[in-house]
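Peer 1: What follows is work.cif; its format and atoms are mmCIF, C-alpha atoms.
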data_target
loop_
_atom_site.label_atom_id
_atom_site.label_comp_id
_atom_site.auth_asym_id
_atom_site.auth_seq_id
_atom_site.Cartn_x
_atom_site.Cartn_y
_atom_site.Cartn_z
CA MET A 1 76.08 104.27 96.72
CA ARG A 2 74.87 100.75 97.28
CA ASN A 3 71.62 99.97 95.47
CA PHE A 4 69.33 98.94 98.31
CA ALA A 5 66.32 99.17 96.01
CA ALA A 6 67.54 96.16 94.07
CA GLU A 7 67.65 94.14 97.30
CA MET A 8 64.66 95.41 99.28
CA LYS A 9 61.05 95.66 98.19
CA ASN A 10 59.63 97.58 101.11
CA VAL A 11 61.38 100.77 102.31
CA ALA A 12 60.16 103.70 104.40
CA VAL A 13 61.73 107.16 104.55
CA LEU A 14 61.54 109.31 107.66
CA ILE A 15 60.98 112.74 106.14
CA SER A 16 61.32 115.96 108.13
CA GLY A 17 60.59 118.73 105.65
CA GLY A 18 64.28 119.56 105.41
CA VAL A 19 66.64 119.23 102.48
CA ASP A 20 68.49 116.15 103.75
CA SER A 21 65.54 113.77 103.97
CA ALA A 22 64.15 115.16 100.69
CA VAL A 23 67.39 114.21 98.94
CA VAL A 24 67.09 110.73 100.48
CA VAL A 25 63.70 110.43 98.75
CA HIS A 26 65.19 111.65 95.48
CA GLN A 27 68.14 109.25 95.68
CA LEU A 28 65.91 106.21 96.27
CA CYS A 29 63.54 107.21 93.49
CA GLU A 30 66.51 107.64 91.15
CA GLN A 31 67.31 104.00 91.84
CA GLY A 32 63.83 103.09 90.61
CA TYR A 33 62.33 102.56 94.03
CA ARG A 34 59.11 104.09 95.41
CA PRO A 35 59.35 104.39 99.19
CA ASP A 36 56.56 105.31 101.58
CA LEU A 37 57.19 108.62 103.36
CA HIS A 38 56.54 109.08 107.07
CA TYR A 39 56.56 112.37 108.97
CA ILE A 40 56.87 111.91 112.76
CA LYS A 41 54.99 114.55 114.72
CA ILE A 42 56.69 115.06 118.09
CA GLY A 43 56.26 118.81 118.82
CA MET A 44 55.35 120.14 122.26
CA GLU A 45 51.62 119.87 122.87
CA GLY A 46 49.85 123.20 123.11
CA GLU A 47 52.93 125.18 122.10
CA ASP A 48 53.63 127.55 119.21
CA SER A 49 55.97 124.97 117.69
CA SER A 50 52.93 123.66 115.82
CA CYS A 51 53.63 126.39 113.23
CA SER A 52 56.98 124.79 112.49
CA ALA A 53 55.34 121.36 112.23
CA GLU A 54 52.80 122.71 109.73
CA GLU A 55 55.59 124.04 107.52
CA ASP A 56 57.46 120.74 107.83
CA ILE A 57 54.39 118.78 106.79
CA GLU A 58 53.65 121.11 103.87
CA LEU A 59 57.16 120.67 102.48
CA SER A 60 56.99 116.92 103.06
CA GLN A 61 53.68 116.80 101.20
CA ALA A 62 55.19 118.79 98.33
CA THR A 63 58.05 116.27 98.09
CA ALA A 64 55.59 113.37 98.14
CA ARG A 65 53.53 114.97 95.35
CA LYS A 66 56.63 115.59 93.22
CA TYR A 67 57.41 111.88 93.17
CA GLY A 68 53.85 110.56 93.44
CA LEU A 69 54.51 108.93 96.80
CA ARG A 70 52.35 108.28 99.83
CA LEU A 71 52.94 110.42 102.94
CA GLU A 72 51.72 109.43 106.39
CA VAL A 73 51.87 111.69 109.46
CA THR A 74 52.43 109.71 112.64
CA ASP A 75 51.72 111.39 115.97
CA LEU A 76 54.20 110.19 118.60
CA GLN A 77 53.74 113.06 121.07
CA LYS A 78 52.66 110.80 123.93
CA GLU A 79 55.63 108.50 123.54
CA TYR A 80 57.92 111.46 123.10
CA TRP A 81 56.67 113.08 126.29
CA GLU A 82 57.12 109.94 128.33
CA ARG A 83 60.48 108.82 126.94
CA VAL A 84 62.27 112.05 125.97
CA VAL A 85 60.85 115.11 127.72
CA GLY A 86 60.50 113.22 131.00
CA TYR A 87 64.11 112.07 130.71
CA ALA A 88 65.34 115.62 130.00
CA ILE A 89 63.49 117.21 132.92
CA GLU A 90 64.64 114.59 135.42
CA ARG A 91 68.27 114.89 134.33
CA VAL A 92 68.21 118.70 134.55
CA LYS A 93 66.65 118.54 138.05
CA GLN A 94 69.61 116.41 139.10
CA GLY A 95 72.03 119.06 137.86
CA LEU A 96 73.04 117.02 134.82
CA THR A 97 73.31 118.07 131.17
CA PRO A 98 71.03 115.78 129.16
CA ASN A 99 71.05 115.26 125.40
CA PRO A 100 67.40 114.95 124.31
CA ASP A 101 68.37 114.51 120.64
CA VAL A 102 70.17 111.26 121.45
CA MET A 103 67.14 109.94 123.31
CA CYS A 104 64.76 111.19 120.62
CA ASN A 105 66.60 109.05 118.08
CA ARG A 106 66.78 106.00 120.33
CA PHE A 107 63.25 106.02 121.72
CA ILE A 108 61.17 107.84 119.08
CA LYS A 109 62.56 107.91 115.54
CA PHE A 110 64.11 104.46 115.86
CA GLY A 111 62.04 103.22 118.79
CA ALA A 112 58.35 104.09 118.94
CA PHE A 113 58.15 104.44 115.15
CA GLU A 114 59.71 101.01 114.73
CA GLU A 115 57.26 99.50 117.21
CA ARG A 116 54.23 101.03 115.53
CA ILE A 117 55.09 101.19 111.81
CA GLY A 118 58.73 100.54 110.95
CA LYS A 119 58.53 96.81 111.60
CA ASP A 120 56.33 96.51 108.51
CA TYR A 121 59.25 97.59 106.27
CA ASP A 122 62.41 95.84 105.22
CA LEU A 123 64.45 99.01 105.79
CA VAL A 124 63.92 102.54 107.09
CA ALA A 125 65.93 105.33 105.45
CA THR A 126 66.79 108.60 107.20
CA GLY A 127 68.59 111.82 106.31
CA HIS A 128 71.22 111.48 109.03
CA TYR A 129 74.85 112.08 108.11
CA ALA A 130 76.18 108.62 108.90
CA THR A 131 77.02 105.41 107.05
CA ARG A 132 76.67 101.64 107.40
CA ILE A 133 79.81 99.53 107.35
CA GLU A 134 79.36 95.80 106.82
CA GLU A 135 82.34 93.68 107.85
CA ASP A 136 82.73 90.05 108.94
CA GLY A 137 78.99 89.50 108.80
CA LEU A 138 78.26 92.43 111.14
CA VAL A 139 76.87 95.93 110.58
CA TRP A 140 78.71 98.87 112.17
CA LEU A 141 77.73 102.53 112.43
CA GLY A 142 80.20 104.37 110.20
CA THR A 143 80.99 108.08 110.28
CA ALA A 144 79.88 110.40 107.49
CA LYS A 145 82.04 111.68 104.67
CA ASP A 146 81.38 115.24 105.87
CA PRO A 147 83.07 115.59 109.30
CA VAL A 148 81.29 118.87 110.03
CA LYS A 149 77.84 117.35 109.50
CA ASP A 150 78.61 113.91 110.99
CA GLN A 151 75.71 112.89 113.26
CA THR A 152 76.92 109.56 114.58
CA ASP A 153 77.12 110.99 118.10
CA PHE A 154 73.33 111.46 117.96
CA LEU A 155 72.93 107.82 116.85
CA ALA A 156 75.36 106.18 119.26
CA GLN A 157 72.65 104.87 121.60
CA LEU A 158 70.90 102.86 118.88
CA SER A 159 70.56 99.13 119.40
CA TYR A 160 72.11 96.69 116.95
CA GLU A 161 68.64 95.71 115.75
CA GLN A 162 67.79 99.35 115.05
CA LEU A 163 71.02 99.85 113.11
CA GLN A 164 70.48 96.69 111.05
CA HIS A 165 67.08 98.01 109.97
CA THR A 166 68.29 101.51 108.96
CA ILE A 167 70.10 103.00 105.96
CA PHE A 168 71.66 106.45 105.56
CA PRO A 169 71.61 107.24 101.81
CA ILE A 170 73.33 110.65 102.04
CA GLY A 171 76.10 109.71 104.47
CA HIS A 172 78.59 109.41 101.62
CA LEU A 173 77.94 113.01 100.51
CA MET A 174 79.24 116.39 101.61
CA LYS A 175 76.58 118.90 102.64
CA GLU A 176 77.24 121.07 99.60
CA GLU A 177 76.69 118.01 97.40
CA VAL A 178 73.33 117.42 99.06
CA ARG A 179 72.34 121.04 98.42
CA SER A 180 73.47 120.78 94.83
CA ILE A 181 71.42 117.62 94.24
CA ALA A 182 68.37 119.29 95.79
CA GLU A 183 68.76 122.36 93.59
CA GLU A 184 69.27 120.36 90.42
CA ALA A 185 66.23 118.21 91.23
CA HIS A 186 64.16 121.32 92.11
CA LEU A 187 63.18 119.87 95.48
CA PRO A 188 60.70 122.01 97.47
CA SER A 189 63.09 122.27 100.44
CA ALA A 190 66.25 122.86 98.39
CA HIS A 191 66.90 126.28 99.92
CA ARG A 192 65.46 125.69 103.38
CA LYS A 193 67.89 126.46 106.21
CA ASP A 194 69.08 123.63 108.43
CA SER A 195 67.38 123.20 111.79
CA GLN A 196 69.51 124.43 114.68
CA GLY A 197 67.31 123.64 117.65
CA ILE A 198 66.86 120.66 119.92
CA CYS A 199 64.69 118.12 118.12
CA PHE A 200 61.72 118.20 120.45
CA LEU A 201 61.60 121.95 121.03
CA GLY A 202 61.19 123.23 117.49
CA LYS A 203 61.25 127.02 117.75
CA ILE A 204 60.74 127.08 121.53
CA ASN A 205 63.59 128.63 123.54
CA TYR A 206 65.31 126.02 125.73
CA ASN A 207 65.31 128.26 128.81
CA ASP A 208 61.60 128.95 128.34
CA PHE A 209 61.05 125.19 128.23
CA LEU A 210 62.95 124.72 131.50
CA ARG A 211 61.21 127.68 133.11
CA LYS A 212 57.80 126.20 132.36
CA PHE A 213 58.55 122.94 134.15
CA LEU A 214 61.13 123.91 136.78
CA GLY A 215 60.36 127.57 137.45
CA GLU A 216 62.96 130.00 138.74
CA LYS A 217 64.93 130.26 141.97
CA GLU A 218 67.53 132.96 142.52
CA GLY A 219 71.01 131.82 143.52
CA ARG A 220 74.54 133.13 143.80
CA VAL A 221 77.21 133.13 141.11
CA ILE A 222 80.62 132.78 142.77
CA ASP A 223 84.11 133.27 141.35
CA ILE A 224 85.68 129.91 142.21
CA GLU A 225 89.17 131.39 142.43
CA THR A 226 88.39 134.29 144.79
CA GLY A 227 85.25 133.07 146.53
CA LYS A 228 83.54 136.39 145.80
CA VAL A 229 79.92 136.67 144.70
CA VAL A 230 80.00 138.17 141.21
CA GLY A 231 76.33 137.90 140.29
CA THR A 232 73.07 136.03 140.61
CA HIS A 233 71.24 133.46 138.50
CA ARG A 234 67.65 132.23 138.23
CA GLY A 235 68.28 128.54 138.84
CA PHE A 236 71.17 126.12 138.40
CA TRP A 237 69.09 124.20 135.85
CA PHE A 238 69.55 127.01 133.33
CA HIS A 239 73.33 126.48 133.27
CA THR A 240 75.76 123.76 132.25
CA ILE A 241 79.45 123.12 132.79
CA GLY A 242 81.52 124.94 130.16
CA GLN A 243 78.82 127.55 129.44
CA ARG A 244 80.06 131.04 128.55
CA LYS A 245 77.10 132.91 127.07
CA GLY A 246 73.99 133.95 128.94
CA LEU A 247 75.59 134.50 132.36
CA GLY A 248 74.95 138.24 132.46
CA LEU A 249 78.34 139.00 134.01
CA GLY A 250 80.50 141.97 133.04
CA GLY A 251 84.23 141.97 132.33
CA GLY A 252 84.18 138.53 130.79
CA PRO A 253 84.69 136.00 129.53
CA TRP A 254 83.33 133.87 132.37
CA PHE A 255 82.84 130.11 132.23
CA VAL A 256 80.66 127.86 134.40
CA VAL A 257 83.05 125.34 135.98
CA LYS A 258 81.04 123.83 138.84
CA LYS A 259 77.55 123.70 140.36
CA ASN A 260 76.35 123.14 143.94
CA ILE A 261 72.91 121.63 143.42
CA LYS A 262 71.81 121.58 147.07
CA LYS A 263 72.70 125.23 147.63
CA ASN A 264 71.75 126.41 144.10
CA ILE A 265 75.18 127.97 143.52
CA ILE A 266 76.94 128.43 140.19
CA PHE A 267 80.74 128.65 140.26
CA VAL A 268 82.50 130.47 137.44
CA ALA A 269 86.08 131.08 136.34
CA HIS A 270 87.35 134.17 134.56
CA GLY A 271 89.41 134.53 131.38
CA TRP A 272 90.00 132.69 128.13
CA ASP A 273 93.11 131.01 129.53
CA THR A 274 91.60 129.65 132.75
CA GLN A 275 92.41 125.96 133.06
CA LEU A 276 89.43 125.40 135.34
CA GLN A 277 87.14 125.04 132.32
CA TYR A 278 89.18 122.08 131.08
CA GLY A 279 89.67 118.47 132.10
CA HIS A 280 91.63 115.52 130.78
CA ASP A 281 89.59 112.56 132.06
CA PHE A 282 86.02 111.36 132.34
CA ARG A 283 84.21 108.16 133.22
CA LEU A 284 81.47 106.64 131.08
CA ALA A 285 78.57 105.15 132.98
CA ASP A 286 76.88 102.13 131.37
CA LEU A 287 78.88 102.34 128.15
CA HIS A 288 76.59 101.10 125.37
CA PHE A 289 78.20 99.30 122.43
CA ILE A 290 76.05 99.40 119.29
CA THR A 291 77.29 96.30 117.47
CA LYS A 292 79.57 94.63 120.01
CA ASN A 293 82.38 95.37 122.41
CA PRO A 294 85.46 95.12 120.14
CA TRP A 295 87.73 94.45 123.11
CA LEU A 296 86.22 91.15 124.20
CA GLU A 297 88.24 88.04 123.40
CA GLY A 298 87.69 84.29 123.43
CA GLU A 299 84.61 82.17 123.97
CA GLY A 300 84.12 83.49 127.48
CA ASN A 301 84.04 87.09 126.24
CA ASN A 302 86.99 88.01 128.40
CA VAL A 303 88.19 91.59 128.25
CA SER A 304 91.39 92.10 126.30
CA PRO A 305 94.34 92.64 128.69
CA ALA A 306 95.28 95.65 126.55
CA LEU A 307 92.16 97.43 127.80
CA HIS A 308 93.62 97.61 131.31
CA GLU A 309 96.75 99.23 129.90
CA GLY A 310 94.89 101.57 127.54
CA ILE A 311 93.70 101.39 123.93
CA PRO A 312 93.83 104.37 121.52
CA ILE A 313 90.42 105.70 120.43
CA THR A 314 88.86 108.91 119.20
CA PHE A 315 85.88 110.51 120.92
CA LYS A 316 83.43 113.41 121.24
CA VAL A 317 81.80 114.80 124.38
CA ARG A 318 79.34 117.00 122.49
CA HIS A 319 78.21 117.57 118.91
CA VAL A 320 81.29 119.17 117.37
CA ASP A 321 82.95 119.06 113.95
CA HIS A 322 86.09 117.22 115.04
CA PHE A 323 87.22 114.05 116.82
CA MET A 324 89.60 114.10 119.77
CA GLN A 325 92.36 111.57 120.39
CA GLY A 326 92.23 109.60 123.62
CA ILE A 327 93.00 106.40 125.52
CA ILE A 328 90.26 104.18 126.93
CA THR A 329 90.86 101.94 129.94
CA LEU A 330 88.74 99.65 132.09
CA ASP A 331 89.05 99.28 135.86
CA GLU A 332 86.80 98.51 138.84
CA GLU A 333 84.97 101.83 138.33
CA GLY A 334 84.21 101.17 134.68
CA TYR A 335 85.42 102.71 131.43
CA HIS A 336 87.62 105.80 131.55
CA VAL A 337 88.76 108.07 128.75
CA HIS A 338 91.95 110.12 129.04
CA SER A 339 93.09 112.81 126.63
CA GLU A 340 96.44 114.56 126.58
CA GLN A 341 94.66 117.44 124.86
CA PRO A 342 92.51 119.47 127.31
CA ILE A 343 88.76 118.89 126.97
CA GLN A 344 86.61 121.97 127.44
CA GLY A 345 83.43 121.81 129.49
CA ILE A 346 83.04 118.14 130.44
CA ALA A 347 79.55 118.03 131.92
CA PRO A 348 78.05 115.06 133.80
CA GLY A 349 75.00 113.79 131.95
CA GLN A 350 76.40 114.52 128.51
CA PHE A 351 77.06 111.55 126.27
CA GLY A 352 80.66 110.65 125.61
CA CYS A 353 80.77 109.02 122.18
CA ILE A 354 83.67 106.69 121.36
CA TYR A 355 85.13 105.73 117.97
CA ASP A 356 87.98 103.58 116.69
CA SER A 357 91.37 105.27 116.51
CA GLN A 358 90.77 106.35 112.89
CA HIS A 359 87.24 107.70 113.70
CA ARG A 360 85.88 105.44 110.98
CA ILE A 361 83.44 103.46 113.16
CA CYS A 362 81.25 104.74 115.99
CA LEU A 363 81.43 102.06 118.68
CA GLY A 364 78.84 103.49 121.09
CA SER A 365 78.38 105.97 123.90
CA GLY A 366 77.68 106.36 127.60
CA GLU A 367 76.66 109.14 129.97
CA ILE A 368 79.57 111.03 131.49
CA ALA A 369 79.47 110.32 135.20
CA ILE A 370 82.56 112.04 136.63
CA TYR A 371 85.85 113.38 135.42
CA ARG A 372 89.10 113.93 137.17
CA ASP A 373 92.63 115.11 136.45
CA ARG A 374 95.33 112.51 136.90
#
What would the structure in this file look like if it were written as structure tokens?
Peer 2:
Amino acid sequence: MRNFAAEMKNVAVLISGGVDSAVVVHQLCEQGYRPDLHYIKIGMEGEDSSCSAEEDIELSQATARKYGLRLEVTDLQKEYWERVVGYAIERVKQGLTPNPDVMCNRFIKFGAFEERIGKDYDLVATGHYATRIEEDGLVWLGTAKDPVKDQTDFLAQLSYEQLQHTIFPIGHLMKEEVRSIAEEAHLPSAHRKDSQGICFLGKINYNDFLRKFLGEKEGRVIDIETGKVVGTHRGFWFHTIGQRKGLGLGGGPWFVVKKNIKKNIIFVAHGWDTQLQYGHDFRLADLHFITKNPWLEGEGNNVSPALHEGIPITFKVRHVDHFMQGIITLDEEGYHVHSEQPIQGIAPGQFGCIYDSQHRICLGSGEIAIYRDR
């Protein structure tokens, strides 16, 4: 691992109370550096998630005491509400499938924190499973050594300035190596389970969150192949394309394959082998490149002619433990991704994350606008 401590005098660590960020602290201290620790408080106001935050802070304080470091708790609830929760609610109301974790990283952990505190440091270190790749004078977001834990899809909306200011000290480690380091160092969070929830919800159930702000409205569930009503639901906003669990239908499996927002109808398809849950193509709206668009050529930044014919890439349409092979093209509608392998549950509003053909570098991401079969 590169010795950032030898180069930088002023480093902050975003600590969460989990094992990953605690190992980041340990790694930097092992290099002889003494970072400042910052816990970002972003839990739902007035909700029971405060219990989780208290436990997070206690473990973060224990880590700070172990290494004699300073811990500061920064309350970013207001910014989080305006930039993340507001985004999520509006997208769901439109029938889309938002990714609040992506926006939480962009606007809170790497946004509001940077604006308020992070700018005072040379670098900010986090416990994300990702790497930095420096080539030709540029910094690129590299994938993690551990493909199962890779979190670059959650970071793919970062700006270049945010990436330049961030390091990922555990990105070169497998998860079991991180656990082993934590156990050997007797870190307070060494045996704490990984968080499974959406970043801003804590222990709050996602459907309860939606119910609080959008309520309930009964609608029909229709078998798209037969046109028959097979059940009812409590609001299209509780369901996303590709969903299987939580439909309350017998004789499954059933998959959500389409939604009629105006009429509050959910369309489902039956059976594991139904092709209606799959697609081969999707369009990326406002594709955001983190470092630069690698397919621009010449002084005028003209698009490479190869892009109109198709360039091999890898991609993800959700947080999964594998990369899919695809071809990206550009036409008058924008960027399109095509995959010979069927893609399950492509949902408008999700982020499609694109990588180079060897899934070594995360190039960026964009919201999925539409998809179609060719």
Peer 1: Pick out the residues sitting within 7 Å of Pro348 (chain A), and hand them over as a ChimeraX atom specification; count only C-alpha atoms, and ignore anything fewer than 2 positions along from it in its own chain.
Peer 2: /A:96-97,346,350,368-370
Peer 1: Which polymer residues, protein or nucleic acid, are no farther than 7 Å from (51.4, 107.1, 100.5), counting all atoms listed in the file, as a ChimeraX atom specification?
Peer 2: /A:36-37,69-72
Peer 1: Expressed in Å to a single decimal, how great is the separation between CA of Pro100 (chain A) and CA of Cys362 (chain A)?
Peer 2: 19.1 Å
Peer 1: Take the PyMOL selection byres ((chain A and resi 107) around 12), run it mentally on this structure, and tell me the resulting residues as a PDB file with C-alpha atoms, in the coordinates of the input.
Peer 2:
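Everything below was put into out-v4.pdb:
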ATOM      1  CA  ILE A  42      56.690 115.060 118.090  1.00  0.00           C
ATOM      2  CA  LEU A  76      54.200 110.190 118.600  1.00  0.00           C
ATOM      3  CA  GLN A  77      53.740 113.060 121.070  1.00  0.00           C
ATOM      4  CA  LYS A  78      52.660 110.800 123.930  1.00  0.00           C
ATOM      5  CA  GLU A  79      55.630 108.500 123.540  1.00  0.00           C
ATOM      6  CA  TYR A  80      57.920 111.460 123.100  1.00  0.00           C
ATOM      7  CA  TRP A  81      56.670 113.080 126.290  1.00  0.00           C
ATOM      8  CA  GLU A  82      57.120 109.940 128.330  1.00  0.00           C
ATOM      9  CA  ARG A  83      60.480 108.820 126.940  1.00  0.00           C
ATOM     10  CA  VAL A  84      62.270 112.050 125.970  1.00  0.00           C
ATOM     11  CA  VAL A  85      60.850 115.110 127.720  1.00  0.00           C
ATOM     12  CA  TYR A  87      64.110 112.070 130.710  1.00  0.00           C
ATOM     13  CA  PRO A 100      67.400 114.950 124.310  1.00  0.00           C
ATOM     14  CA  ASP A 101      68.370 114.510 120.640  1.00  0.00           C
ATOM     15  CA  VAL A 102      70.170 111.260 121.450  1.00  0.00           C
ATOM     16  CA  MET A 103      67.140 109.940 123.310  1.00  0.00           C
ATOM     17  CA  CYS A 104      64.760 111.190 120.620  1.00  0.00           C
ATOM     18  CA  ASN A 105      66.600 109.050 118.080  1.00  0.00           C
ATOM     19  CA  ARG A 106      66.780 106.000 120.330  1.00  0.00           C
ATOM     20  CA  ILE A 108      61.170 107.840 119.080  1.00  0.00           C
ATOM     21  CA  LYS A 109      62.560 107.910 115.540  1.00  0.00           C
ATOM     22  CA  PHE A 110      64.110 104.460 115.860  1.00  0.00           C
ATOM     23  CA  GLY A 111      62.040 103.220 118.790  1.00  0.00           C
ATOM     24  CA  ALA A 112      58.350 104.090 118.940  1.00  0.00           C
ATOM     25  CA  PHE A 113      58.150 104.440 115.150  1.00  0.00           C
ATOM     26  CA  GLU A 114      59.710 101.010 114.730  1.00  0.00           C
ATOM     27  CA  GLU A 115      57.260  99.500 117.210  1.00  0.00           C
ATOM     28  CA  LEU A 155      72.930 107.820 116.850  1.00  0.00           C
ATOM     29  CA  GLN A 157      72.650 104.870 121.600  1.00  0.00           C
ATOM     30  CA  LEU A 158      70.900 102.860 118.880  1.00  0.00           C
ATOM     31  CA  SER A 159      70.560  99.130 119.400  1.00  0.00           C
ATOM     32  CA  GLN A 162      67.790  99.350 115.050  1.00  0.00           C
TER      33      GLN A 162
END
Peer 1: Using only C-alpha atoms, which protein or nucleic acid residues come within 10 Å of Lys217 (chain A)? Drop anything in the same chain fewer than 2 positions from it, and give the result as a PyMOL selection string.
Peer 2: chain A and resi 211+214-215+219+233-237+264
Peer 1: Please compute the CA of Leu276 (chain A)-CA of Lys259 (chain A) distance, one decimal, in Å.
Peer 2: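 Rounded to one decimal, the two atoms are 13.0 Å apart.
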Peer 1: Written as a ChimeraX atom specification, what is the full residue list that the PyMOL selection byres ((chain A and resi 365) around 10) yields on the file shown?
Peer 2: /A:153-158,284-290,315-317,350-355,362-364,366-368
Peer 1: Filtering to C-alpha atoms, could you give me those residues as an mmCIF file, keeping the file's coordinate frame?
Peer 2:
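Full text of out_6.cif as output:
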data_model
loop_
_atom_site.group_PDB
_atom_site.id
_atom_site.type_symbol
_atom_site.label_atom_id
_atom_site.label_comp_id
_atom_site.auth_asym_id
_atom_site.auth_seq_id
_atom_site.Cartn_x
_atom_site.Cartn_y
_atom_site.Cartn_z
ATOM 1 C CA ASP A 153 77.120 110.990 118.100
ATOM 2 C CA PHE A 154 73.330 111.460 117.960
ATOM 3 C CA LEU A 155 72.930 107.820 116.850
ATOM 4 C CA ALA A 156 75.360 106.180 119.260
ATOM 5 C CA GLN A 157 72.650 104.870 121.600
ATOM 6 C CA LEU A 158 70.900 102.860 118.880
ATOM 7 C CA LEU A 284 81.470 106.640 131.080
ATOM 8 C CA ALA A 285 78.570 105.150 132.980
ATOM 9 C CA ASP A 286 76.880 102.130 131.370
ATOM 10 C CA LEU A 287 78.880 102.340 128.150
ATOM 11 C CA HIS A 288 76.590 101.100 125.370
ATOM 12 C CA PHE A 289 78.200 99.300 122.430
ATOM 13 C CA ILE A 290 76.050 99.400 119.290
ATOM 14 C CA PHE A 315 85.880 110.510 120.920
ATOM 15 C CA LYS A 316 83.430 113.410 121.240
ATOM 16 C CA VAL A 317 81.800 114.800 124.380
ATOM 17 C CA GLN A 350 76.400 114.520 128.510
ATOM 18 C CA PHE A 351 77.060 111.550 126.270
ATOM 19 C CA GLY A 352 80.660 110.650 125.610
ATOM 20 C CA CYS A 353 80.770 109.020 122.180
ATOM 21 C CA ILE A 354 83.670 106.690 121.360
ATOM 22 C CA TYR A 355 85.130 105.730 117.970
ATOM 23 C CA CYS A 362 81.250 104.740 115.990
ATOM 24 C CA LEU A 363 81.430 102.060 118.680
ATOM 25 C CA GLY A 364 78.840 103.490 121.090
ATOM 26 C CA GLY A 366 77.680 106.360 127.600
ATOM 27 C CA GLU A 367 76.660 109.140 129.970
ATOM 28 C CA ILE A 368 79.570 111.030 131.490
#
Peer 1: Would you compute the distance between CA of Ile40 (chain A) and CA of Asp150 (chain A)? Give it in Å to one decimal.
Peer 2: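 CA of Asp150 (chain A) lies 21.9 Å from CA of Ile40 (chain A).
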Peer 1: How would you write, as a list of chain:residue names, the residues chosen by the PyMOL selection byres ((chain A and resi 226-230) around 12) on this structure?
Peer 2: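 That selection, the PyMOL selection byres ((chain A and resi 226-230) around 12), comes back as A:Gly219, A:Arg220, A:Val221, A:Ile222, A:Asp223, A:Ile224, A:Glu225, A:Gly231, A:Thr232, A:His233, A:Leu247, A:Gly248, A:Leu249, A:Gly250, A:Gly251, A:Gly252, A:Trp254, A:Ile265, A:Ile266, A:Phe267, A:Val268, A:Ala269, A:His270.
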Peer 1: Show me, as a Markdown table, the residues of region 211-294 of chain A having an atom within 7 Å of region 332-340 of chain A, each with the closest atom pair and its distance in Å, using all atoms listed in the file.
Peer 2:
| residue | atom | partner | partner_atom | distance |
| --- | --- | --- | --- | --- |
| A:His280 | CA | A:Ser339 | CA | 5.2 |
| A:Asp281 | CA | A:His338 | CA | 4.5 |
| A:Phe282 | CA | A:Val337 | CA | 5.6 |
| A:Arg283 | CA | A:His336 | CA | 4.5 |
| A:Leu284 | CA | A:Tyr335 | CA | 5.6 |
Peer 1: Which residues, written as a list of chain:residue names, have at least one atom at most 10 Å from Asp331 (chain A), with all atoms listed in the file counted and residues fewer than 5 positions away on the same chain left out?
Peer 2: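 Counting all atoms listed in the file, the residues come to A:Leu307, A:His308, A:Glu309, A:His336.
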Peer 1: For each of A:Thr291, A:Ala22, A:Lys9, A:Gln325, take the minimum atom-to-atom distance to Ile133 (chain A), counting all atoms listed in the file, then give the residue where this is smallest.
Peer 2: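 Going through A:Thr291, A:Ala22, A:Lys9, A:Gln325 one by one, the smallest distance to Ile133 (chain A) is for A:Thr291.
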Peer 1: Got a sec: who's within 9 Å of Val178 (chain A), counting all atoms listed in the file, leaving out chain neighbours fewer than 4 positions off, as a list in words?
Peer 2: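 Everything that qualifies: Val19, Asp20, Val23, Ile170, Leu173, Met174, Ala182, Glu183 and Ala190 of chain A.
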Peer 1: From the set A:Val139, A:Ile241, A:Val303, A:Val320, which residue has the shortest atom-to-atom contact distance to Gly95 (chain A), counting all atoms listed in the file?
Peer 2: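 Among A:Val139, A:Ile241, A:Val303, A:Val320, it is A:Ile241 that comes nearest to Gly95 (chain A).
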Peer 1: Select, counting all atoms listed in the file, all protein, DNA and RNA residues no farther than 7 Å from (75.7, 108.4, 106.5) in file coordinates, and express the selection as a list in words.
Peer 2: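 Every polymer residue passing the test: His128, Tyr129, Ala130, Thr131, Arg132, Thr143, Ala144, Phe168, Pro169, Ile170, Gly171 and His172 of chain A.
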Peer 1: Keeping only C-alpha atoms, write the selected residues as a PDB file, in the frame of the given file.
Peer 2:
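Output file out_28.pdb follows:
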ATOM      1  CA  HIS A 128      71.220 111.480 109.030  1.00  0.00           C
ATOM      2  CA  TYR A 129      74.850 112.080 108.110  1.00  0.00           C
ATOM      3  CA  ALA A 130      76.180 108.620 108.900  1.00  0.00           C
ATOM      4  CA  THR A 131      77.020 105.410 107.050  1.00  0.00           C
ATOM      5  CA  ARG A 132      76.670 101.640 107.400  1.00  0.00           C
ATOM      6  CA  THR A 143      80.990 108.080 110.280  1.00  0.00           C
ATOM      7  CA  ALA A 144      79.880 110.400 107.490  1.00  0.00           C
ATOM      8  CA  PHE A 168      71.660 106.450 105.560  1.00  0.00           C
ATOM      9  CA  PRO A 169      71.610 107.240 101.810  1.00  0.00           C
ATOM     10  CA  ILE A 170      73.330 110.650 102.040  1.00  0.00           C
ATOM     11  CA  GLY A 171      76.100 109.710 104.470  1.00  0.00           C
ATOM     12  CA  HIS A 172      78.590 109.410 101.620  1.00  0.00           C
TER      13      HIS A 172
END
Peer 1: With all atoms listed in the file as the atoms that count, which of A:Val92, A:His319, A:Asp75, A:Arg192 lies nearest to Ile117 (chain A)?
Peer 2: A:Asp75
Peer 1: I'd like to know which of A:Gly326, A:Gly127, A:Val25, A:Leu210 is closest to Gly310 (chain A), using only C-alpha atoms.
Peer 2: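 Ranking A:Gly326, A:Gly127, A:Val25, A:Leu210 by distance to Gly310 (chain A), first place goes to A:Gly326.
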Peer 1: Considering all atoms listed in the file, state which residue in the set A:Lys145, A:Gln94, A:Ser180, A:His186 is at the smallest distance from Asn260 (chain A).
Peer 2: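 Looking only at the distances to Asn260 (chain A), the closest residue turns out to be A:Gln94.
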